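Novice: File name input30.cif; file contents mmCIF, C-alpha atoms; full text below.
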data_coords
#
loop_
_atom_site.label_atom_id
_atom_site.label_comp_id
_atom_site.auth_asym_id
_atom_site.auth_seq_id
_atom_site.Cartn_x
_atom_site.Cartn_y
_atom_site.Cartn_z
CA MET A 1189 -56.23 -49.69 -16.52
CA PHE A 1190 -56.97 -45.97 -16.38
CA ALA A 1191 -56.78 -46.03 -12.56
CA ALA A 1192 -53.45 -47.84 -12.71
CA ALA A 1193 -52.09 -45.25 -15.15
CA VAL A 1194 -53.21 -42.41 -12.88
CA ALA A 1195 -51.63 -44.09 -9.87
CA LEU A 1196 -48.39 -44.59 -11.79
CA TRP A 1197 -48.36 -40.96 -12.92
CA MET A 1198 -48.97 -39.72 -9.35
CA ALA A 1199 -46.17 -41.93 -8.03
CA GLY A 1200 -43.81 -40.54 -10.65
CA THR A 1201 -44.86 -37.00 -9.76
CA ARG A 1202 -44.12 -37.65 -6.10
CA VAL A 1203 -40.68 -39.02 -6.94
CA GLU A 1204 -39.89 -35.99 -9.12
CA ALA A 1205 -41.11 -33.67 -6.40
CA GLN A 1206 -38.89 -35.44 -3.86
CA VAL A 1207 -35.85 -35.11 -6.16
CA ALA A 1208 -36.63 -31.42 -6.73
CA LYS A 1209 -36.98 -30.94 -2.98
CA GLU A 1210 -33.59 -32.54 -2.33
CA ILE A 1211 -31.96 -30.36 -4.98
CA ASP A 1212 -33.59 -27.27 -3.53
CA ASP A 1213 -32.41 -28.05 -0.02
CA LYS A 1214 -28.89 -28.30 -1.34
CA TYR A 1215 -29.12 -24.93 -3.05
CA VAL A 1216 -30.73 -22.97 -0.21
CA GLU A 1217 -27.64 -20.79 0.08
CA ASN A 1218 -26.85 -17.18 0.92
CA ASP A 1219 -23.06 -16.72 0.56
CA VAL A 1220 -23.02 -15.21 4.06
CA VAL A 1221 -23.41 -18.04 6.62
CA SER A 1222 -23.65 -21.77 6.09
CA LEU A 1223 -27.08 -23.25 6.75
CA ALA A 1224 -26.12 -26.84 5.94
CA GLY A 1225 -27.54 -29.13 8.60
CA LYS A 1226 -28.63 -26.18 10.75
CA LYS A 1227 -32.27 -25.80 11.67
CA GLY A 1228 -32.20 -22.39 13.31
CA ILE A 1229 -35.36 -20.38 12.68
CA SER A 1230 -37.41 -21.27 9.62
CA PHE A 1231 -40.98 -21.17 8.40
CA SER A 1232 -42.36 -23.71 5.94
CA THR A 1233 -45.63 -25.09 4.65
CA LYS A 1234 -46.77 -28.57 5.65
CA MET A 1235 -46.17 -29.78 2.12
CA GLY A 1236 -42.61 -28.48 2.25
CA ASP A 1237 -43.03 -26.63 -1.05
CA PHE A 1238 -42.23 -23.27 0.54
CA LEU A 1239 -39.44 -22.43 3.01
CA PHE A 1240 -38.52 -19.05 4.49
CA LYS A 1241 -35.34 -18.88 6.58
CA PRO A 1242 -33.91 -15.67 8.10
CA TYR A 1243 -30.21 -15.36 8.93
CA ALA A 1244 -27.80 -12.77 10.29
CA LEU A 1245 -24.08 -12.05 10.51
CA VAL A 1246 -22.54 -9.34 12.70
CA GLN A 1247 -18.80 -8.67 12.80
CA ALA A 1248 -17.03 -6.30 15.18
CA SER A 1249 -13.30 -5.74 14.80
CA ALA A 1250 -10.34 -3.92 16.32
CA THR A 1251 -7.50 -3.02 13.96
CA TYR A 1252 -4.02 -1.59 14.34
CA ASN A 1253 -2.29 -0.35 11.17
CA ARG A 1254 1.22 1.04 11.09
CA TYR A 1255 2.41 2.61 7.82
CA ASP A 1256 5.60 3.89 6.33
CA GLU A 1257 5.32 7.67 6.26
CA GLN A 1258 5.51 7.75 2.45
CA GLY A 1259 2.87 5.05 2.38
CA LEU A 1260 0.31 7.61 3.52
CA GLU A 1261 1.30 9.87 0.61
CA SER A 1262 2.77 12.47 2.94
CA HIS A 1263 6.19 12.84 4.58
CA TYR A 1264 4.48 14.51 7.53
CA ALA A 1265 1.66 11.99 8.08
CA LYS A 1266 1.53 9.95 11.25
CA SER A 1267 2.66 6.35 10.83
CA VAL A 1268 -0.37 4.95 12.69
CA ALA A 1269 -3.70 5.43 10.93
CA ASN A 1270 -6.93 3.66 10.07
CA SER A 1271 -6.79 2.01 13.49
CA GLY A 1272 -9.50 1.47 16.09
CA PHE A 1273 -12.85 -0.28 16.09
CA ALA A 1274 -15.10 -1.10 13.15
CA ILE A 1275 -18.16 -3.03 12.04
CA PRO A 1276 -17.02 -4.73 8.81
CA ASN A 1277 -20.43 -6.33 8.24
CA ALA A 1278 -23.87 -6.25 9.84
CA ILE A 1279 -26.00 -8.40 7.54
CA LEU A 1280 -29.64 -9.36 7.96
CA GLY A 1281 -31.26 -11.44 5.28
CA PHE A 1282 -33.53 -14.30 4.38
CA THR A 1283 -33.28 -17.22 2.04
CA GLY A 1284 -35.70 -19.93 1.03
CA LYS A 1285 -37.36 -21.99 -1.67
CA ALA A 1286 -40.70 -22.15 -3.41
CA PHE A 1287 -42.57 -24.64 -5.62
CA GLY A 1288 -39.71 -27.13 -5.57
CA ILE A 1289 -37.70 -25.35 -8.27
CA VAL A 1290 -37.11 -21.77 -7.09
CA THR A 1291 -34.64 -20.63 -4.44
CA PHE A 1292 -34.27 -17.00 -3.41
CA ASN A 1293 -32.16 -14.74 -1.23
CA LEU A 1294 -32.13 -11.11 -0.11
CA SER A 1295 -29.78 -9.45 2.36
CA LEU A 1296 -29.08 -5.93 3.61
CA ASN A 1297 -25.74 -4.86 5.06
CA ALA A 1298 -26.28 -2.09 7.59
CA ALA A 1299 -22.51 -1.53 7.84
CA LYS A 1300 -22.43 -0.24 4.26
CA SER A 1301 -23.98 2.74 2.52
CA GLY A 1302 -25.27 3.70 -0.91
CA GLY A 1303 -25.83 0.86 -3.36
CA ALA A 1304 -23.76 -1.53 -1.20
CA LEU A 1305 -26.51 -1.39 1.45
CA LEU A 1306 -28.27 -3.97 -0.71
CA GLN A 1307 -25.70 -6.72 -0.47
CA GLN A 1308 -27.55 -9.20 -2.67
CA ALA A 1309 -31.02 -9.94 -4.03
CA TRP A 1310 -31.64 -12.85 -6.40
CA PHE A 1311 -33.83 -15.78 -7.33
CA ASP A 1312 -32.70 -19.01 -8.91
CA VAL A 1313 -34.82 -21.33 -11.06
CA ALA A 1314 -33.74 -24.99 -11.23
CA LEU A 1315 -35.03 -26.41 -14.49
CA LYS A 1316 -32.83 -29.36 -13.50
CA GLU A 1317 -29.72 -29.80 -11.40
CA SER A 1318 -27.45 -29.36 -14.41
CA PHE A 1319 -29.22 -26.22 -15.64
CA ARG A 1320 -30.19 -23.40 -13.33
CA VAL A 1321 -30.86 -19.72 -14.07
CA ARG A 1322 -30.06 -17.01 -11.52
CA VAL A 1323 -31.16 -13.38 -11.86
CA GLY A 1324 -30.44 -10.40 -9.62
CA LYS A 1325 -27.51 -9.22 -7.54
CA PHE A 1326 -25.02 -11.88 -6.45
CA LYS A 1327 -21.36 -12.92 -6.54
CA THR A 1328 -19.75 -12.96 -9.95
CA PRO A 1329 -18.08 -16.29 -10.86
CA PHE A 1330 -14.45 -15.34 -10.24
CA MET A 1331 -11.94 -16.01 -7.45
CA HIS A 1332 -12.17 -18.61 -4.66
CA GLY A 1333 -11.48 -15.99 -2.00
CA TYR A 1334 -14.64 -14.02 -2.86
CA LEU A 1335 -16.82 -17.03 -3.65
CA SER A 1336 -16.17 -18.49 -0.19
CA THR A 1337 -18.93 -18.04 2.37
CA LEU A 1338 -18.35 -14.66 4.02
CA GLY A 1339 -18.65 -15.92 7.59
CA GLU A 1340 -16.35 -18.90 6.96
CA THR A 1341 -13.16 -17.31 5.63
CA LEU A 1342 -9.81 -18.41 7.08
CA PHE A 1343 -8.74 -14.84 7.88
CA PRO A 1344 -10.82 -11.80 8.89
CA VAL A 1345 -9.23 -9.87 6.00
CA LEU A 1346 -9.00 -11.15 2.43
CA PRO A 1347 -5.60 -11.30 0.67
CA THR A 1348 -4.37 -7.85 -0.35
CA SER A 1349 -3.73 -9.08 -3.89
CA THR A 1350 -7.46 -9.75 -4.31
CA SER A 1351 -8.79 -6.49 -2.89
CA ALA A 1352 -6.26 -3.66 -3.32
CA SER A 1353 -6.48 -1.50 -6.44
CA VAL A 1354 -3.71 -1.68 -9.02
CA LEU A 1355 -1.33 1.23 -9.66
CA LEU A 1356 -0.89 2.94 -13.03
CA PRO A 1357 2.15 4.95 -14.17
CA TYR A 1358 -0.11 7.92 -14.99
CA ASP A 1359 -3.31 9.52 -13.75
CA VAL A 1360 -6.44 8.15 -15.41
CA ASN A 1361 -9.90 9.04 -14.18
CA TYR A 1362 -12.07 6.08 -13.13
CA ALA A 1363 -9.34 3.52 -13.90
CA VAL A 1364 -8.44 1.99 -10.54
CA PRO A 1365 -9.70 -1.62 -10.71
CA SER A 1366 -8.76 -4.47 -8.40
CA MET A 1367 -8.34 -8.13 -9.29
CA ALA A 1368 -11.72 -9.17 -7.86
CA THR A 1369 -15.12 -8.48 -9.42
CA GLY A 1370 -17.28 -9.26 -6.33
CA PHE A 1371 -21.05 -8.71 -6.22
CA ASP A 1372 -22.83 -7.37 -9.27
CA LEU A 1373 -26.19 -7.25 -11.06
CA GLY A 1374 -26.83 -9.69 -13.88
CA VAL A 1375 -28.02 -13.08 -15.05
CA GLN A 1376 -26.20 -16.40 -14.85
CA ILE A 1377 -26.72 -19.98 -15.94
CA HIS A 1378 -25.05 -22.62 -13.81
CA GLY A 1379 -25.34 -26.20 -12.70
CA LEU A 1380 -23.73 -29.39 -11.48
CA ILE A 1381 -23.01 -32.10 -14.06
CA ASP A 1382 -22.52 -35.72 -12.93
CA GLY A 1383 -21.80 -34.51 -9.41
CA ARG A 1384 -18.27 -33.55 -10.50
CA TRP A 1385 -18.41 -30.52 -12.79
CA ASN A 1386 -19.78 -27.15 -11.69
CA TYR A 1387 -20.11 -24.45 -14.33
CA GLN A 1388 -21.16 -20.77 -14.18
CA LEU A 1389 -21.66 -18.42 -17.12
CA GLY A 1390 -23.00 -14.92 -16.62
CA VAL A 1391 -23.43 -11.39 -17.93
CA PHE A 1392 -23.30 -8.52 -15.43
CA ASN A 1393 -23.28 -4.73 -15.38
CA GLY A 1394 -19.62 -4.69 -14.41
CA THR A 1395 -20.15 -1.78 -12.02
CA GLY A 1396 -19.80 -3.76 -8.77
CA ILE A 1397 -21.72 -3.84 -5.52
CA ASP A 1398 -22.11 -0.04 -5.21
CA VAL A 1399 -24.42 0.40 -8.22
CA ASN A 1400 -28.00 -0.89 -8.39
CA VAL A 1401 -29.13 0.86 -11.57
CA ALA A 1402 -28.71 0.27 -15.31
CA SER A 1403 -26.02 2.73 -16.40
CA LYS A 1404 -24.08 1.06 -19.23
CA THR A 1405 -23.90 1.74 -22.97
CA ASN A 1406 -22.12 0.18 -25.96
CA CYS A 1407 -18.33 0.17 -26.19
CA ASP A 1408 -16.70 3.19 -27.74
CA ASP A 1409 -14.21 1.01 -29.67
CA HIS A 1410 -16.65 -1.83 -30.46
CA LYS A 1411 -20.03 -0.26 -31.26
CA TRP A 1412 -21.74 -3.67 -31.48
CA LEU A 1413 -20.69 -4.85 -27.99
CA PRO A 1414 -22.60 -3.76 -24.84
CA ALA A 1415 -20.20 -2.45 -22.20
CA LEU A 1416 -20.90 -5.22 -19.70
CA LEU A 1417 -19.00 -7.84 -17.70
CA TYR A 1418 -18.91 -11.30 -19.30
CA ALA A 1419 -17.71 -13.96 -16.86
CA GLY A 1420 -17.42 -17.73 -16.55
CA ARG A 1421 -16.02 -20.39 -14.23
CA MET A 1422 -15.59 -24.16 -14.47
CA ALA A 1423 -14.77 -26.23 -11.38
CA TYR A 1424 -13.83 -29.90 -11.23
CA LEU A 1425 -14.91 -31.59 -7.99
CA PRO A 1426 -13.21 -35.01 -7.96
CA LYS A 1427 -14.64 -35.94 -4.56
CA GLY A 1428 -18.14 -34.54 -5.08
CA GLU A 1429 -19.63 -31.22 -4.08
CA MET A 1430 -17.44 -29.09 -1.86
CA PRO A 1431 -18.70 -26.60 0.74
CA MET A 1432 -17.67 -22.99 0.03
CA SER A 1433 -15.96 -22.87 3.41
CA GLN A 1434 -12.35 -22.17 4.33
CA GLY A 1435 -12.52 -24.51 7.30
CA SER A 1436 -15.32 -25.13 9.77
CA PRO A 1437 -15.88 -27.30 12.86
CA GLU A 1438 -18.77 -28.80 10.88
CA ASN A 1439 -16.35 -30.22 8.25
CA LEU A 1440 -13.73 -32.00 10.36
CA SER A 1441 -14.36 -35.36 8.69
CA ASP A 1442 -14.82 -34.14 5.11
CA ASP A 1443 -12.59 -34.93 2.15
CA LYS A 1444 -13.50 -32.48 -0.64
CA MET A 1445 -11.50 -30.85 -3.40
CA SER A 1446 -12.05 -28.18 -6.05
CA ILE A 1447 -9.90 -27.29 -9.05
CA ALA A 1448 -11.26 -24.37 -11.06
CA VAL A 1449 -10.47 -21.97 -13.86
CA SER A 1450 -12.28 -18.70 -14.49
CA ALA A 1451 -12.17 -15.79 -16.86
CA SER A 1452 -13.99 -12.51 -17.42
CA TYR A 1453 -14.04 -9.61 -19.85
CA ASN A 1454 -15.27 -6.29 -18.53
CA ALA A 1455 -15.92 -4.28 -21.70
CA GLU A 1456 -15.06 -0.65 -20.99
CA ALA A 1457 -15.08 -1.36 -17.30
CA GLU A 1458 -13.67 2.11 -16.76
CA PHE A 1459 -15.89 4.45 -18.79
CA LEU A 1460 -14.17 5.43 -22.08
CA THR A 1461 -10.89 4.28 -20.55
CA SER A 1462 -10.13 0.56 -20.58
CA SER A 1463 -11.53 -2.94 -21.05
CA ASP A 1464 -10.31 -5.35 -18.40
CA THR A 1465 -9.63 -9.06 -19.00
CA ARG A 1466 -9.15 -11.33 -15.98
CA VAL A 1467 -8.07 -14.97 -15.80
CA GLY A 1468 -7.87 -17.08 -12.65
CA LEU A 1469 -6.73 -20.54 -11.58
CA GLU A 1470 -7.68 -21.91 -8.15
CA PHE A 1471 -7.29 -24.98 -5.95
CA ALA A 1472 -8.97 -25.76 -2.61
CA TRP A 1473 -8.99 -28.91 -0.49
CA ILE A 1474 -10.71 -29.74 2.79
CA LYS A 1475 -9.24 -32.91 4.29
CA ASN A 1476 -10.40 -33.70 7.83
CA ARG A 1477 -8.83 -30.95 9.98
CA TRP A 1478 -6.88 -29.41 7.09
CA TYR A 1479 -7.90 -26.66 4.69
CA VAL A 1480 -5.49 -25.85 1.85
CA ALA A 1481 -6.03 -23.32 -0.93
CA ALA A 1482 -4.01 -21.52 -3.56
CA GLU A 1483 -4.95 -19.34 -6.49
CA ALA A 1484 -3.36 -17.13 -9.10
CA PHE A 1485 -4.94 -14.39 -11.21
CA TYR A 1486 -3.96 -12.08 -14.03
CA MET A 1487 -5.50 -8.86 -15.36
CA ASN A 1488 -4.93 -7.02 -18.62
CA MET A 1489 -6.09 -3.43 -19.01
CA HIS A 1490 -6.62 -2.66 -22.70
CA PHE A 1491 -7.05 1.08 -23.14
CA THR A 1492 -9.47 2.53 -25.65
CA LYS A 1493 -8.26 4.20 -28.84
CA ILE A 1494 -9.01 7.65 -27.49
CA MET A 1495 -6.66 7.05 -24.53
CA LYS A 1496 -3.67 6.28 -26.80
CA LYS A 1497 -1.91 4.27 -24.10
CA PRO A 1498 -0.33 0.77 -24.23
CA ASP A 1499 -1.82 -2.15 -22.34
CA GLU A 1500 -0.98 -2.72 -18.69
CA HIS A 1501 -0.60 -6.18 -17.13
CA PHE A 1502 -0.94 -7.21 -13.48
CA TRP A 1503 -0.90 -10.48 -11.58
CA GLY A 1504 -1.19 -11.83 -8.06
CA THR A 1505 -1.19 -15.13 -6.21
CA TYR A 1506 -1.56 -16.46 -2.68
CA ALA A 1507 -1.57 -19.73 -0.77
CA GLN A 1508 -3.10 -20.37 2.63
CA ILE A 1509 -3.37 -23.30 5.04
CA GLY A 1510 -5.61 -23.86 8.03
CA TYR A 1511 -5.51 -26.65 10.61
CA PHE A 1512 -7.81 -27.43 13.56
CA PHE A 1513 -5.60 -28.13 16.58
CA THR A 1514 -8.78 -28.92 18.51
CA ASN A 1515 -12.45 -29.05 17.51
CA LYS A 1516 -12.64 -25.34 18.33
CA LEU A 1517 -9.19 -23.87 17.64
CA GLN A 1518 -7.91 -23.36 14.08
CA GLY A 1519 -4.49 -22.05 13.10
CA ALA A 1520 -3.91 -20.23 9.80
CA VAL A 1521 -0.96 -19.07 7.69
CA ARG A 1522 -0.95 -17.26 4.34
CA TYR A 1523 1.58 -15.95 1.85
CA ASP A 1524 0.42 -13.32 -0.63
CA LEU A 1525 2.22 -11.89 -3.68
CA PHE A 1526 1.03 -8.94 -5.78
CA ASP A 1527 2.57 -7.26 -8.83
CA ARG A 1528 0.65 -4.09 -8.08
CA ASN A 1529 2.55 -1.66 -10.32
CA GLY A 1530 2.39 -3.87 -13.44
CA THR A 1531 4.80 -6.11 -15.29
CA LYS A 1532 6.49 -3.16 -17.04
CA SER A 1533 7.96 -2.04 -13.73
CA GLY A 1534 10.06 -4.19 -11.46
CA GLY A 1535 9.00 -5.13 -7.96
CA MET A 1536 6.54 -7.21 -5.99
CA LEU A 1537 4.60 -6.85 -2.78
CA ASN A 1538 4.95 -9.93 -0.56
CA MET A 1539 2.67 -10.24 2.44
CA PRO A 1540 3.01 -13.12 4.92
CA ALA A 1541 0.22 -13.47 7.49
CA ALA A 1542 -0.63 -15.70 10.45
CA GLY A 1543 -3.77 -16.07 12.52
CA LEU A 1544 -5.90 -18.06 14.95
CA ASN A 1545 -9.65 -18.74 14.92
CA TYR A 1546 -11.65 -19.91 17.94
CA TYR A 1547 -15.26 -21.09 17.81
CA PHE A 1548 -17.49 -20.64 20.87
CA PHE A 1549 -20.69 -22.40 21.90
CA ASN A 1550 -22.33 -24.12 18.90
CA ASN A 1551 -19.97 -22.35 16.48
CA ASN A 1552 -22.28 -19.33 16.20
CA LEU A 1553 -19.65 -17.12 17.82
CA LYS A 1554 -16.15 -16.97 16.30
CA LEU A 1555 -13.07 -15.00 17.29
CA GLN A 1556 -10.43 -14.37 14.60
CA VAL A 1557 -7.05 -12.73 15.16
CA MET A 1558 -4.35 -12.15 12.55
CA TYR A 1559 -1.15 -10.28 11.82
CA GLN A 1560 0.13 -9.34 8.33
CA TYR A 1561 3.46 -7.87 7.29
CA LEU A 1562 3.94 -5.95 4.04
CA GLY A 1563 7.26 -6.55 2.32
CA ARG A 1564 8.56 -5.12 -0.96
CA THR A 1565 11.22 -6.57 -3.20
CA GLY A 1566 12.76 -6.10 -6.65
CA HIS A 1567 11.71 -2.49 -7.31
CA ASP A 1568 13.86 -0.49 -9.71
CA THR A 1569 14.11 2.65 -7.57
CA GLN A 1570 13.41 3.70 -3.99
CA ASN A 1571 10.58 5.89 -5.31
CA ASP A 1572 8.98 2.85 -6.99
CA ARG A 1573 9.36 0.94 -3.74
CA ASP A 1574 7.64 3.68 -1.75
CA GLU A 1575 4.82 4.20 -4.22
CA ALA A 1576 4.03 0.48 -4.62
CA ALA A 1577 2.71 0.37 -1.06
CA ILE A 1578 0.69 3.59 -1.12
CA GLY A 1579 -2.35 3.19 1.10
CA LEU A 1580 -1.21 -0.19 2.49
CA ALA A 1581 -0.01 -0.80 6.05
CA ARG A 1582 3.49 -2.15 6.71
CA HIS A 1583 2.22 -3.84 9.90
CA SER A 1584 -1.43 -4.78 10.31
CA ALA A 1585 -3.11 -6.59 13.23
CA THR A 1586 -6.82 -7.42 13.37
CA ALA A 1587 -9.06 -9.06 15.94
CA MET A 1588 -12.64 -9.76 14.89
CA LEU A 1589 -15.56 -11.24 16.81
CA GLN A 1590 -18.36 -12.65 14.67
CA PHE A 1591 -21.88 -13.81 15.56
CA THR A 1592 -24.14 -15.71 13.18
CA PHE A 1593 -27.48 -17.45 13.19
#
Hey, can you dump this file as structure tokens for me?

Specialist:
Amino acid sequence: MFAAAVALWMAGTRVEAQVAKEIDDKYVENDVVSLAGKKGISFSTKMGDFLFKPYALVQASATYNRYDEQGLESHYAKSVANSGFAIPNAILGFTGKAFGIVTFNLSLNAAKSGGALLQQAWFDVALKESFRVRVGKFKTPFMHGYLSTLGETLFPVLPTSTSASVLLPYDVNYAVPSMATGFDLGVQIHGLIDGRWNYQLGVFNGTGIDVNVASKTNCDDHKWLPALLYAGRMAYLPKGEMPMSQGSPENLSDDKMSIAVSASYNAEAEFLTSSDTRVGLEFAWIKNRWYVAAEAFYMNMHFTKIMKKPDEHFWGTYAQIGYFFTNKLQGAVRYDLFDRNGTKSGGMLNMPAAGLNYYFFNNNLKLQVMYQYLGRTGHDTQNDRDEAAIGLARHSATAMLQFTF
């Protein structure tokens, strides 16, 4: 009887180990390039309880930007600027798993400097599929555009409404946030419930990808509250787990959908200046050769008592569609709206864009080309119209070649 009990226990252990292994394989991720179904280069133990997998992404681009003269903040500036060749990203990293419950990832971006050189560094402990704990530097749970895999975005440049800083009607030091929160240092609990609900709840420094040190204090207005970023996201996946891709030759027969809401509160995000509240709503659908996505986001800047300024409100939204004409050629269109100067002032930026993506060889090499036009409408004065587009190109064309493994 004792032998039978031992045998039963060992069989159960093997089953649990197999389940843990399957869960781990699914979560061996890096947010840079998709490794799903790709063998590439990897090192693992015979038991399969440890896996080490290096990866890389290199992007080289050529850009042409033509500005309004006022858009460069000078009536005498040349209208063509910030044009030429660039390396947007040169990422080398490794990901893997250990002991059946831990996944890990570390990547360096040689195209960046300062704290951003360390793009991400985290480990994730899966107590079970519905409850995982992640610690380190990684993407904050906000905005489909940023949560998408970096090497699998529909356009080589993210929507302007997600990345450009807002404009304030007065000069305030340190207070130039954008809608996105991006990479940050912190801790997060997350998991997949019943294969349909994906949740993420985290606390972060709120200082972004450029800072790798602890530098925060308590709020000036709320002495009891640490000045950190508190963020959460809930996604409904009616057709099961969805790849964080914006279209890939690997997903031409998929039918996946994601509907998500997210919110964050960055307590005194701008030191002694403002606390920023963000709310987002997103939709994404991969259906055979189609990729469709749309999201909207809102930000409130609540200024501290010492600033003696009223709140400012901003919002943005965009929709984009991709379609594979062939197994290698994908077309893309996008329409982007951004209330950059706040709801108290009239006017919107509207930015239509179109592009083509071509995948070479075994999809490790991708060429992306796009054009975006910057339009402005509804501004109260010509001065408001000119200032709303400060730093943004009226005409922008980008060609980017990307290699991954």

Novice: Taking into account all atoms listed in the file, which residue in the set A:Leu1373, A:Ala1541, A:Leu1335, A:Ile1474 is nearest to A:Thr1348?

Specialist: A:Ala1541

Novice: I'd like to see the residues matched by the PyMOL selection byres ((chain A and resi 1546) around 8) on this file, and ideally I'd get them as a PyMOL selection string.

Specialist: chain A and resi 1516-1518+1544-1545+1547-1548+1554-1556

Novice: Identify which of the residues A:Gly1394, A:Pro1276, A:Gly1534, A:Gly1504 lies closest to A:Ser1452, counting all atoms listed in the file when measuring atom-to-atom distances.

Specialist: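 Ranking A:Gly1394, A:Pro1276, A:Gly1534, A:Gly1504 by distance to A:Ser1452, first place goes to A:Gly1394.
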
Novice: Could you check how far atom CA of A:Phe1292 sits from atom CA of A:Glu1217, in Å to one decimal?

Specialist: 8.4 Å

Novice: Name the closest residue to A:Phe1491 among the candidates A:Leu1460, A:Ala1248, A:Val1557, A:Ala1309; distances are taken between atoms, counting all atoms listed in the file.

Specialist: A:Leu1460

Novice: Hey, what comes out of the PyMOL selection byres ((chain A and resi 1479-1484) around 8) on this file? Could you write it as a list in words?

Specialist: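 Answer for the PyMOL selection byres ((chain A and resi 1479-1484) around 8): Met1331, His1332, Gln1434, Gly1435, Gly1468, Leu1469, Glu1470, Phe1471, Ala1472, Trp1473, Ile1474, Lys1475, Arg1477, Trp1478, Phe1485, Tyr1486, Trp1503, Gly1504, Thr1505, Tyr1506, Ala1507, Gln1508, Ile1509, Gly1510 and Tyr1511 of chain A.
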
Novice: Which of these residues is nearest to A:Thr1492, using all atoms listed in the file: A:Ala1352, A:Phe1526, A:Met1432, A:Asp1408?

Specialist: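 Ranked by minimum distance to A:Thr1492, first place goes to A:Asp1408.
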
Novice: Show me as a list of chain:residue names the residues that reach within 6 Å of (-19.9, -25.2, 14.3), counting all atoms listed in the file and using the file's own coordinates.

Specialist: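 With a cut-off of 6 Å, the residues come to A:Pro1437, A:Glu1438, A:Asn1550, A:Asn1551.
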
Novice: Taking into account all atoms listed in the file, which residue in the set A:Arg1466, A:Arg1528, A:Arg1421, A:Arg1320 is nearest to A:Thr1291?

Specialist: A:Arg1320
